[in-house]
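Structure file my_file09.txt; described as compact mmCIF, C-alpha atoms.
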```
# COMPACT_ATOMS: atom_id res chain seq x y z
CA MET K 1 -15.79 40.81 -8.51
CA SER K 2 -14.26 44.05 -7.38
CA GLY K 3 -13.40 46.01 -4.29
CA PRO K 4 -10.68 45.72 -1.68
CA THR K 5 -10.54 42.65 0.47
CA ALA K 6 -10.05 42.60 4.22
CA ARG K 7 -6.79 41.06 5.39
CA PRO K 8 -6.90 37.95 7.61
CA ALA K 9 -8.12 38.35 11.17
CA ALA K 10 -7.49 35.96 14.03
CA ALA K 11 -11.01 35.89 15.44
CA THR K 12 -13.43 33.03 14.79
CA PRO K 13 -16.17 34.05 12.33
CA SER K 14 -19.08 35.64 14.15
CA LEU K 15 -22.25 33.60 14.42
CA ASP K 16 -23.96 36.69 12.99
CA LEU K 17 -22.57 35.40 9.71
CA VAL K 18 -24.77 32.31 10.01
CA GLU K 19 -27.92 34.41 10.11
CA THR K 20 -26.75 36.58 7.21
CA LEU K 21 -26.02 33.56 5.03
CA ALA K 22 -29.28 31.87 6.01
CA SER K 23 -31.28 34.98 5.09
CA CYS K 24 -29.53 35.39 1.73
CA GLY K 25 -29.83 31.67 1.13
CA GLU K 26 -33.63 31.82 1.14
CA ARG K 27 -33.50 34.16 -1.88
CA TYR K 28 -30.97 32.05 -3.76
CA ASP K 29 -32.96 28.90 -3.06
CA ALA K 30 -36.11 30.46 -4.53
CA ALA K 31 -34.33 31.94 -7.57
CA PRO K 32 -31.04 30.07 -8.07
CA MET K 33 -28.09 32.22 -9.06
CA PHE K 34 -24.52 32.80 -7.95
CA PRO K 35 -24.74 33.97 -4.30
CA ALA K 36 -22.87 37.25 -4.71
CA ASP K 37 -24.31 38.84 -1.55
CA SER K 38 -23.34 35.84 0.53
CA MET K 39 -19.79 35.84 -0.83
CA ALA K 40 -19.58 39.57 -0.02
CA ALA K 41 -20.57 38.70 3.55
CA LEU K 42 -17.60 36.30 3.76
CA VAL K 43 -15.33 39.16 2.73
CA ARG K 44 -16.78 41.41 5.44
CA HIS K 45 -16.09 38.67 8.00
CA CYS K 46 -12.44 38.49 6.88
CA LEU K 47 -12.73 34.97 5.45
CA HIS K 48 -11.72 35.71 1.87
CA ARG K 49 -7.98 36.05 2.57
CA ARG K 50 -7.62 34.38 5.95
CA PHE K 51 -6.46 31.08 4.49
CA ALA K 52 -4.30 32.56 1.73
CA PRO K 53 -0.75 31.18 1.23
CA ARG K 54 1.59 31.75 4.14
CA ALA K 55 3.91 33.81 1.91
CA LEU K 56 1.03 36.29 1.57
CA GLY K 57 0.37 36.47 5.31
CA GLY K 58 -2.42 33.89 5.34
CA GLN K 59 -2.97 30.64 7.21
CA ALA K 60 -3.08 28.09 4.40
CA ASN K 61 -2.10 24.58 5.50
CA CYS K 62 -1.12 25.68 9.01
CA ALA K 63 -4.31 26.32 11.04
CA PRO K 64 -6.62 23.28 10.77
CA ASP K 65 -8.65 24.17 13.88
CA GLU K 66 -9.37 27.68 12.62
CA LEU K 67 -10.21 26.41 9.14
CA LEU K 68 -12.49 23.75 10.63
CA ASP K 69 -14.38 26.40 12.59
CA ALA K 70 -14.65 28.66 9.54
CA LEU K 71 -15.92 25.88 7.26
CA ARG K 72 -18.52 24.62 9.72
CA THR K 73 -19.68 28.17 10.50
CA VAL K 74 -20.25 28.91 6.80
CA GLY K 75 -21.91 25.51 6.39
CA ARG K 76 -24.34 26.29 9.20
CA GLY K 77 -25.47 29.38 7.31
CA ASP K 78 -25.72 27.96 3.78
CA LEU K 79 -24.29 24.72 2.43
CA SER K 80 -24.11 26.05 -1.14
CA VAL K 81 -21.92 28.95 0.01
CA GLY K 82 -19.96 26.51 2.15
CA ARG K 83 -19.17 24.44 -0.95
CA LEU K 84 -17.93 27.53 -2.77
CA PHE K 85 -15.87 28.67 0.22
CA GLU K 86 -14.35 25.20 0.58
CA GLY K 87 -13.33 25.30 -3.08
CA HIS K 88 -11.70 28.69 -2.52
CA VAL K 89 -9.62 27.57 0.46
CA ASN K 90 -8.71 24.38 -1.40
CA ALA K 91 -7.38 26.50 -4.27
CA LEU K 92 -5.42 28.72 -1.87
CA ALA K 93 -3.86 25.62 -0.29
CA LEU K 94 -2.69 24.48 -3.72
CA PHE K 95 -1.12 27.90 -4.34
CA ASP K 96 0.58 27.67 -0.94
CA TRP K 97 2.10 24.29 -1.77
CA TYR K 98 3.00 24.68 -5.42
CA ALA K 99 2.92 28.27 -6.72
CA SER K 100 6.01 30.06 -8.02
CA ALA K 101 6.98 33.51 -6.76
CA ASP K 102 5.44 35.11 -9.86
CA GLN K 103 2.21 33.18 -9.39
CA LEU K 104 2.02 34.21 -5.73
CA ALA K 105 2.49 37.86 -6.71
CA TRP K 106 -0.35 37.53 -9.23
CA LEU K 107 -2.55 35.81 -6.63
CA ASP K 108 -1.87 38.58 -4.13
CA THR K 109 -3.12 41.18 -6.62
CA GLU K 110 -6.21 39.15 -7.48
CA LEU K 111 -7.12 38.57 -3.84
CA ASP K 112 -6.71 42.28 -3.15
CA ARG K 113 -9.37 43.00 -5.74
CA GLY K 114 -11.72 40.40 -4.24
CA ALA K 115 -11.29 37.44 -6.62
CA TRP K 116 -12.78 34.07 -5.68
CA PHE K 117 -11.21 30.76 -6.72
CA GLY K 118 -12.36 27.18 -7.09
CA VAL K 119 -11.05 23.73 -8.01
CA TRP K 120 -12.74 21.72 -10.80
CA ALA K 121 -11.83 18.10 -11.47
CA THR K 122 -15.07 16.47 -12.68
CA GLU K 123 -15.57 16.30 -16.43
CA PRO K 124 -17.66 14.61 -19.11
CA PRO K 125 -15.77 12.26 -21.45
CA PRO K 126 -13.28 12.72 -23.02
CA GLY K 127 -12.36 15.37 -20.46
CA VAL K 128 -10.06 18.36 -20.63
CA ALA K 129 -6.74 17.83 -22.43
CA VAL K 130 -3.60 19.88 -22.98
CA VAL K 131 -3.06 20.25 -26.72
CA GLY K 132 -0.62 22.15 -28.89
CA SER K 133 -1.40 25.36 -30.77
CA PRO K 134 0.61 27.95 -32.73
CA ASP K 135 0.69 30.09 -29.59
CA GLY K 136 1.72 27.28 -27.25
CA PRO K 137 -0.15 24.68 -25.16
CA VAL K 138 -3.87 25.29 -24.61
CA LEU K 139 -6.77 23.40 -23.04
CA ASP K 140 -9.39 21.50 -24.99
CA GLY K 141 -12.60 20.23 -23.38
CA ALA K 142 -15.08 21.10 -20.66
CA LYS K 143 -15.72 20.56 -16.96
CA HIS K 144 -19.09 19.76 -15.43
CA PHE K 145 -20.43 19.88 -11.88
CA ALA K 146 -18.15 22.92 -11.76
CA SER K 147 -19.25 24.73 -8.60
CA GLY K 148 -19.54 28.48 -9.06
CA ALA K 149 -19.20 28.29 -12.84
CA GLY K 150 -19.72 31.76 -14.25
CA GLY K 151 -19.64 33.35 -10.80
CA ILE K 152 -16.22 32.73 -9.27
CA ASP K 153 -13.30 34.51 -10.91
CA TYR K 154 -10.81 31.68 -11.44
CA ALA K 155 -10.71 27.89 -11.26
CA ILE K 156 -7.86 25.44 -10.94
CA VAL K 157 -8.70 22.65 -13.39
CA THR K 158 -7.19 19.23 -13.89
CA ALA K 159 -6.06 18.40 -17.42
CA ARG K 160 -4.86 15.36 -19.38
CA PRO K 161 -1.39 15.68 -20.96
CA ALA K 162 -0.18 13.79 -24.00
CA THR K 163 2.03 11.72 -21.68
CA GLY K 164 2.80 11.52 -17.99
CA GLN K 165 0.91 12.73 -14.94
CA ARG K 166 -1.82 15.32 -15.07
CA PRO K 167 -1.11 19.00 -14.45
CA VAL K 168 -3.49 21.61 -13.07
CA VAL K 169 -4.09 24.88 -14.87
CA VAL K 170 -5.50 28.17 -13.58
CA ILE K 171 -8.18 29.60 -15.88
CA PRO K 172 -10.76 32.42 -15.77
CA ALA K 173 -14.08 30.98 -14.58
CA ASN K 174 -16.54 33.85 -14.99
CA ASP K 175 -17.19 33.98 -18.74
CA PRO K 176 -20.97 33.76 -19.25
CA LEU K 177 -20.52 32.59 -22.84
CA ARG K 178 -18.61 29.53 -21.59
CA THR K 179 -21.07 28.76 -18.79
CA ASP K 180 -24.07 26.44 -19.00
CA ALA K 181 -26.00 25.94 -15.74
CA SER K 182 -29.24 24.91 -17.48
CA ARG K 183 -28.99 21.32 -16.26
CA TRP K 184 -28.37 22.27 -12.61
CA ARG K 185 -32.03 21.67 -11.76
CA VAL K 186 -31.79 20.14 -8.32
CA ARG K 187 -33.75 20.02 -5.06
CA GLY K 188 -30.82 21.24 -2.97
CA MET K 189 -27.51 23.11 -3.22
CA ARG K 190 -29.11 25.33 -5.87
CA ALA K 191 -26.92 28.40 -5.28
CA SER K 192 -23.69 26.42 -5.78
CA MET K 193 -24.46 26.79 -9.53
CA SER K 194 -22.52 23.64 -10.37
CA GLY K 195 -22.78 23.83 -14.13
CA ARG K 196 -20.75 23.06 -17.23
CA TYR K 197 -17.85 25.29 -18.23
CA GLU K 198 -16.04 25.27 -21.57
CA CYS K 199 -12.26 25.39 -21.09
CA SER K 200 -11.15 25.11 -24.72
CA GLY K 201 -8.62 27.67 -25.90
CA TYR K 202 -7.41 28.80 -22.50
CA PRO K 203 -3.58 28.90 -22.33
CA ALA K 204 -1.80 26.17 -20.39
CA GLY K 205 1.71 27.60 -20.28
CA VAL K 206 4.18 27.96 -17.45
CA MET K 207 2.43 30.92 -15.80
CA GLN K 208 -0.97 29.19 -15.89
CA THR K 209 0.25 25.75 -14.73
CA LEU K 210 0.43 25.33 -10.97
CA GLY K 211 3.28 23.16 -9.74
CA ALA K 212 4.63 20.11 -11.54
CA PRO K 213 2.57 17.39 -13.25
CA GLY K 214 1.24 15.04 -10.57
CA ASP K 215 1.44 17.54 -7.72
CA TYR K 216 -2.34 17.84 -7.49
CA ASP K 217 -2.65 14.07 -6.94
CA ARG K 218 0.11 13.93 -4.33
CA GLU K 219 -0.91 11.92 -1.27
CA PRO K 220 -2.01 12.20 1.47
CA ARG K 221 -2.95 15.75 0.47
CA PHE K 222 -5.35 14.77 -2.32
CA THR K 223 -7.52 12.19 -0.56
CA ALA K 224 -7.15 13.41 3.02
CA GLY K 225 -8.18 16.89 1.87
CA ALA K 226 -11.75 15.55 1.84
CA TRP K 227 -11.93 16.56 5.50
CA ARG K 228 -12.69 20.11 4.33
CA PHE K 229 -15.99 19.27 2.67
CA LEU K 230 -16.82 17.07 5.66
CA ALA K 231 -16.42 20.15 7.84
CA VAL K 232 -18.95 22.03 5.68
CA GLN K 233 -21.38 19.11 5.87
CA LEU K 234 -20.88 19.05 9.63
CA GLY K 235 -21.85 22.70 9.74
CA GLY K 236 -25.05 21.97 7.84
CA MET K 237 -25.85 19.19 10.29
CA GLU K 238 -25.26 21.54 13.21
CA GLY K 239 -27.44 24.19 11.57
CA LEU K 240 -30.27 21.68 11.17
CA LEU K 241 -29.96 20.58 14.80
CA THR K 242 -30.05 24.21 15.96
CA GLU K 243 -33.09 24.98 13.81
CA THR K 244 -34.86 21.84 15.03
CA ARG K 245 -34.40 22.91 18.64
CA ARG K 246 -35.64 26.42 17.86
CA ALA K 247 -38.75 25.18 16.06
CA LEU K 248 -39.61 22.41 18.51
CA SER K 249 -43.16 22.70 19.85
CA ASP K 250 -43.98 22.77 23.56
CA ALA K 251 -45.76 19.43 23.14
CA ALA K 252 -42.61 17.84 21.70
CA ARG K 253 -40.46 19.34 24.44
CA GLY K 254 -42.78 17.76 27.00
CA ASP K 255 -42.71 14.31 25.38
CA PRO K 256 -39.95 12.00 26.70
CA VAL K 257 -39.92 10.03 23.43
CA GLN K 258 -39.28 13.19 21.44
CA ARG K 259 -36.68 14.38 23.92
CA ALA K 260 -34.88 11.04 23.46
CA ARG K 261 -34.89 11.62 19.70
CA PHE K 262 -33.43 15.08 20.17
CA ALA K 263 -30.74 13.68 22.48
CA GLU K 264 -29.78 11.11 19.84
CA ALA K 265 -29.45 13.88 17.25
CA VAL K 266 -27.19 15.87 19.57
CA VAL K 267 -24.98 12.81 20.08
CA ALA K 268 -24.81 12.20 16.32
CA ALA K 269 -23.77 15.78 15.54
CA ARG K 270 -21.19 15.98 18.32
CA THR K 271 -19.75 12.57 17.41
CA ALA K 272 -19.29 13.74 13.83
CA TYR K 273 -17.57 16.89 15.11
CA LEU K 274 -15.05 14.88 17.13
CA TRP K 275 -14.20 12.71 14.13
CA VAL K 276 -13.87 15.65 11.74
CA ARG K 277 -11.68 17.54 14.21
CA GLU K 278 -9.40 14.53 14.53
CA ALA K 279 -9.33 14.02 10.76
CA ALA K 280 -8.42 17.68 10.18
CA GLY K 281 -5.44 17.44 12.49
CA ARG K 282 -4.14 14.21 10.99
CA ALA K 283 -4.52 15.55 7.45
CA ALA K 284 -2.68 18.77 8.35
CA ARG K 285 0.19 16.74 9.83
CA GLU K 286 0.17 14.50 6.73
CA GLU K 287 0.24 11.40 8.89
CA ALA K 288 0.70 8.01 7.24
CA ASP K 289 -2.86 6.91 8.05
CA ALA K 290 -4.50 10.30 7.35
CA ILE K 291 -6.17 8.99 4.20
CA VAL K 292 -7.97 6.02 5.73
CA PHE K 293 -8.87 8.06 8.81
CA VAL K 294 -10.57 10.67 6.63
CA GLN K 295 -12.25 7.91 4.61
CA MET K 296 -13.71 6.45 7.81
CA THR K 297 -14.79 9.94 8.87
CA ARG K 298 -16.77 10.30 5.65
CA GLY K 299 -18.95 7.38 6.73
CA VAL K 300 -19.31 8.79 10.24
CA VAL K 301 -20.46 12.16 8.91
CA GLU K 302 -22.87 10.62 6.42
CA ARG K 303 -24.49 8.40 9.05
CA ALA K 304 -24.71 11.25 11.56
CA ALA K 305 -26.26 13.61 9.01
CA LEU K 306 -28.87 11.05 8.00
CA ASP K 307 -29.73 10.50 11.66
CA VAL K 308 -30.08 14.24 12.32
CA MET K 309 -32.25 14.69 9.22
CA GLU K 310 -34.53 11.84 10.29
CA ALA K 311 -34.76 13.24 13.81
CA ALA K 312 -35.63 16.69 12.45
CA ALA K 313 -38.41 15.24 10.30
CA ARG K 314 -39.87 13.29 13.20
CA LEU K 315 -39.51 16.11 15.73
CA LEU K 316 -40.95 18.85 13.50
CA GLY K 317 -43.48 16.76 11.62
CA THR K 318 -44.97 18.19 8.43
CA ARG K 319 -43.44 21.57 9.23
CA SER K 320 -40.07 20.13 8.25
CA ALA K 321 -41.25 19.76 4.65
CA PHE K 322 -42.88 23.15 4.09
CA ASP K 323 -41.41 25.39 1.42
CA GLY K 324 -39.70 28.36 3.07
CA GLU K 325 -38.89 26.51 6.31
CA ARG K 326 -35.21 26.59 7.09
CA ALA K 327 -35.21 22.95 8.21
CA ASP K 328 -36.53 21.93 4.79
CA LYS K 329 -33.83 23.86 2.93
CA ILE K 330 -30.99 22.48 5.05
CA SER K 331 -32.28 18.92 4.65
CA ARG K 332 -32.53 19.28 0.86
CA ASP K 333 -29.06 20.81 0.64
CA LEU K 334 -27.49 18.24 2.93
CA SER K 335 -29.10 15.24 1.23
CA LEU K 336 -27.52 16.30 -2.07
CA TYR K 337 -24.15 17.30 -0.63
CA LEU K 338 -23.79 13.90 1.03
CA ARG K 339 -23.72 12.36 -2.46
CA GLN K 340 -20.12 13.53 -2.88
CA ALA K 341 -18.53 10.89 -5.07
CA GLY K 342 -17.63 7.43 -3.80
CA PRO K 343 -18.89 7.25 -0.18
CA ASP K 344 -19.22 3.44 -0.22
CA TYR K 345 -15.75 3.00 -1.74
CA ALA K 346 -14.25 5.33 0.88
CA ARG K 347 -15.83 3.38 3.72
CA ASP K 348 -14.70 0.07 2.25
CA GLN K 349 -11.09 1.26 1.98
CA ALA K 350 -11.24 2.44 5.58
CA ALA K 351 -12.65 -0.91 6.72
CA LEU K 352 -9.84 -2.79 4.98
CA ALA K 353 -7.26 -0.67 6.80
CA TRP K 354 -8.95 -1.10 10.18
CA LEU K 355 -9.16 -4.87 9.67
CA ASP K 356 -5.40 -4.81 9.22
CA ARG K 357 -4.66 -2.55 12.22
CA ASP K 358 -6.36 -0.09 14.54
CA VAL K 359 -5.80 3.14 12.62
CA TRP K 360 -6.72 5.22 15.67
CA GLY K 361 -3.19 4.53 16.94
CA ALA K 362 -1.51 7.22 19.06
CA GLY K 363 -0.86 4.78 21.88
CA ASP K 364 -4.53 3.73 22.09
CA ARG K 365 -4.76 0.81 19.69
CA LEU K 366 -7.32 -1.89 20.39
CA TRP K 367 -5.48 -4.48 18.27
```
Starting from the file, give its structure as structure tokens.
Amino acid sequence: MSGPTARPAAATPSLDLVETLASCGERYDAAPMFPADSMAALVRHCLHRRFAPRALGGQANCAPDELLDALRTVGRGDLSVGRLFEGHVNALALFDWYASADQLAWLDTELDRGAWFGVWATEPPPGVAVVGSPDGPVLDGAKHFASGAGGIDYAIVTARPATGQRPVVVIPANDPLRTDASRWRVRGMRASMSGRYECSGYPAGVMQTLGAPGDYDREPRFTAGAWRFLAVQLGGMEGLLTETRRALSDAARGDPVQRARFAEAVVAARTAYLWVREAAGRAAREEADAIVFVQMTRGVVERAALDVMEAAARLLGTRSAFDGERADKISRDLSLYLRQAGPDYARDQAALAWLDRDVWGAGDRLW
């Protein structure tokens, strides 16, 4: 991608962005491809650099409330774009924590030309390894479910060393010859283009390796960072609630049973917001219980989203399932996005912690 990028702005993203992303999203849902127009809209709304490393004038790792609002706003417009944007801000956070001065200078140049970044950890066996070559260490293997493969400019990928903890390596991510999205045939999240990407042969030297081995897995940053994708899912839930209200018939508005359903959906969405907001703050402060709090929040968001989707289907009737209806697209996207790995395990780990002590803490423990 090319062209200058707007520098960070302090204002919350305009809700006009939601409509722009929703409109573009209809096209990308019908003919899946990398959502270039939507990503350009994020640049115009000053979101591309806003959460860049602090050394570059951005707000990485220091403005959880603003990042929460940005993630949920993008999620309201299009969950596929929200997933890509979340990967970008995740990558920028890693640069903020672990990049050298030379790497930050390189990043600054790439952001100025409009480059988008992602983070890829999922891989088919045997995974991506660091191996020796006559020219130095290189990668060998592929990633799959790699969001934005072939469309974003760079990805931070996890790799397996010969010994010790795993490093992360920055690689180009836009080579069409390395990209295979043929198996990304899904009902929702189509424009995320989460395909397979061949990493073999890319250098894994000092300049390409971000931080020290094991930095990527450092806690609570690794697990508690899940709050970011929860914020995007929250935005999708809020978008579905808003669309449901807009499309509600006069007959439904006059029916007390249907109004009760709508009220329950409002409570579900706002409850999820309160939990995600709390989780974001605790993760940013790297509190001792940030991990289990975020894990509990995953269950809250999943349950709330399922409740809002059911309410939308009941309130809108068959209209909610028609091709081209916004409510249908959001529900398909959200139902897939909620399958983020390990929701039951996350809830179980949270339950074990809460059985031991009231993780809410902050002077308001129940036991």
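Across K:Tyr273, K:Phe293, K:Ala105, K:Val232, the tightest approach to Arg357 in chain K is made by K:Phe293 when counting only C-alpha atoms.
Across the structure, CA of Asn174 in chain K and CA of Tyr202 in chain K are spaced 12.9 Å apart.
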Two-atom distance - CA of Arg285 in chain K, CA of Leu42 in chain K (Å): 27.1 Å
Point-to-point distance in Å for CA of Trp227 in chain K and CA of Glu110 in chain K: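 Distance between the two atoms: 26.7 Å.
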Nearest to Lys329 in chain K, chosen from K:Leu68, K:Ala63, K:Ala311, K:Leu79, with all atoms listed in the file counted in the distances: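 Smallest separation from Lys329 in chain K among the options: K:Leu79.
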Closest atom pairs, range 46-135 of chain K residues within 10 Å of range 149-168 of chain K, only C-alpha atoms, as a tab-separated table:
```
residue	atom	partner	partner_atom	distance
K:Leu84	CA	K:Ile152	CA	8.5
K:Gly87	CA	K:Ala155	CA	9.0
K:His88	CA	K:Ala155	CA	8.8
K:Asn90	CA	K:Ile156	CA	9.6
K:Ala91	CA	K:Ile156	CA	6.8
K:Leu92	CA	K:Ile156	CA	9.9
K:Leu94	CA	K:Ile156	CA	8.9
K:Phe95	CA	K:Ile156	CA	9.7
K:Glu110	CA	K:Asp153	CA	9.1
K:Gly114	CA	K:Asp153	CA	9.0
K:Ala115	CA	K:Asp153	CA	5.6
K:Trp116	CA	K:Ile152	CA	5.1
K:Phe117	CA	K:Tyr154	CA	4.8
K:Gly118	CA	K:Ala155	CA	4.5
K:Val119	CA	K:Ile156	CA	4.7
K:Trp120	CA	K:Val157	CA	4.9
K:Ala121	CA	K:Thr158	CA	5.4
K:Thr122	CA	K:Thr158	CA	8.4
K:Glu123	CA	K:Thr158	CA	9.2
K:Pro126	CA	K:Arg160	CA	9.5
K:Gly127	CA	K:Arg160	CA	7.6
K:Val128	CA	K:Ala159	CA	5.1
K:Ala129	CA	K:Arg160	CA	4.4
K:Val130	CA	K:Pro161	CA	5.2
K:Val131	CA	K:Pro161	CA	7.5
K:Gly132	CA	K:Ala162	CA	9.7
```
Let's have the selection written as an mmCIF file, in the coordinates of the input, with C-alpha atoms.
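Heads up, here's the output in out00.cif:
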```cif
data_model
loop_
_atom_site.group_PDB
_atom_site.id
_atom_site.type_symbol
_atom_site.label_atom_id
_atom_site.label_comp_id
_atom_site.auth_asym_id
_atom_site.auth_seq_id
_atom_site.Cartn_x
_atom_site.Cartn_y
_atom_site.Cartn_z
ATOM 1 C CA LEU K 84 -17.930 27.530 -2.770
ATOM 2 C CA GLY K 87 -13.330 25.300 -3.080
ATOM 3 C CA HIS K 88 -11.700 28.690 -2.520
ATOM 4 C CA ASN K 90 -8.710 24.380 -1.400
ATOM 5 C CA ALA K 91 -7.380 26.500 -4.270
ATOM 6 C CA LEU K 92 -5.420 28.720 -1.870
ATOM 7 C CA LEU K 94 -2.690 24.480 -3.720
ATOM 8 C CA PHE K 95 -1.120 27.900 -4.340
ATOM 9 C CA GLU K 110 -6.210 39.150 -7.480
ATOM 10 C CA GLY K 114 -11.720 40.400 -4.240
ATOM 11 C CA ALA K 115 -11.290 37.440 -6.620
ATOM 12 C CA TRP K 116 -12.780 34.070 -5.680
ATOM 13 C CA PHE K 117 -11.210 30.760 -6.720
ATOM 14 C CA GLY K 118 -12.360 27.180 -7.090
ATOM 15 C CA VAL K 119 -11.050 23.730 -8.010
ATOM 16 C CA TRP K 120 -12.740 21.720 -10.800
ATOM 17 C CA ALA K 121 -11.830 18.100 -11.470
ATOM 18 C CA THR K 122 -15.070 16.470 -12.680
ATOM 19 C CA GLU K 123 -15.570 16.300 -16.430
ATOM 20 C CA PRO K 126 -13.280 12.720 -23.020
ATOM 21 C CA GLY K 127 -12.360 15.370 -20.460
ATOM 22 C CA VAL K 128 -10.060 18.360 -20.630
ATOM 23 C CA ALA K 129 -6.740 17.830 -22.430
ATOM 24 C CA VAL K 130 -3.600 19.880 -22.980
ATOM 25 C CA VAL K 131 -3.060 20.250 -26.720
ATOM 26 C CA GLY K 132 -0.620 22.150 -28.890
#
```
Neighbour list for Arg261 in chain K as number ranges by chain, cut-off 12 Å, all atoms listed in the file, skip fewer than 5 positions in-chain: K: 241, 244-245, 248, 252-253, 255-256, 266-268, 307-316
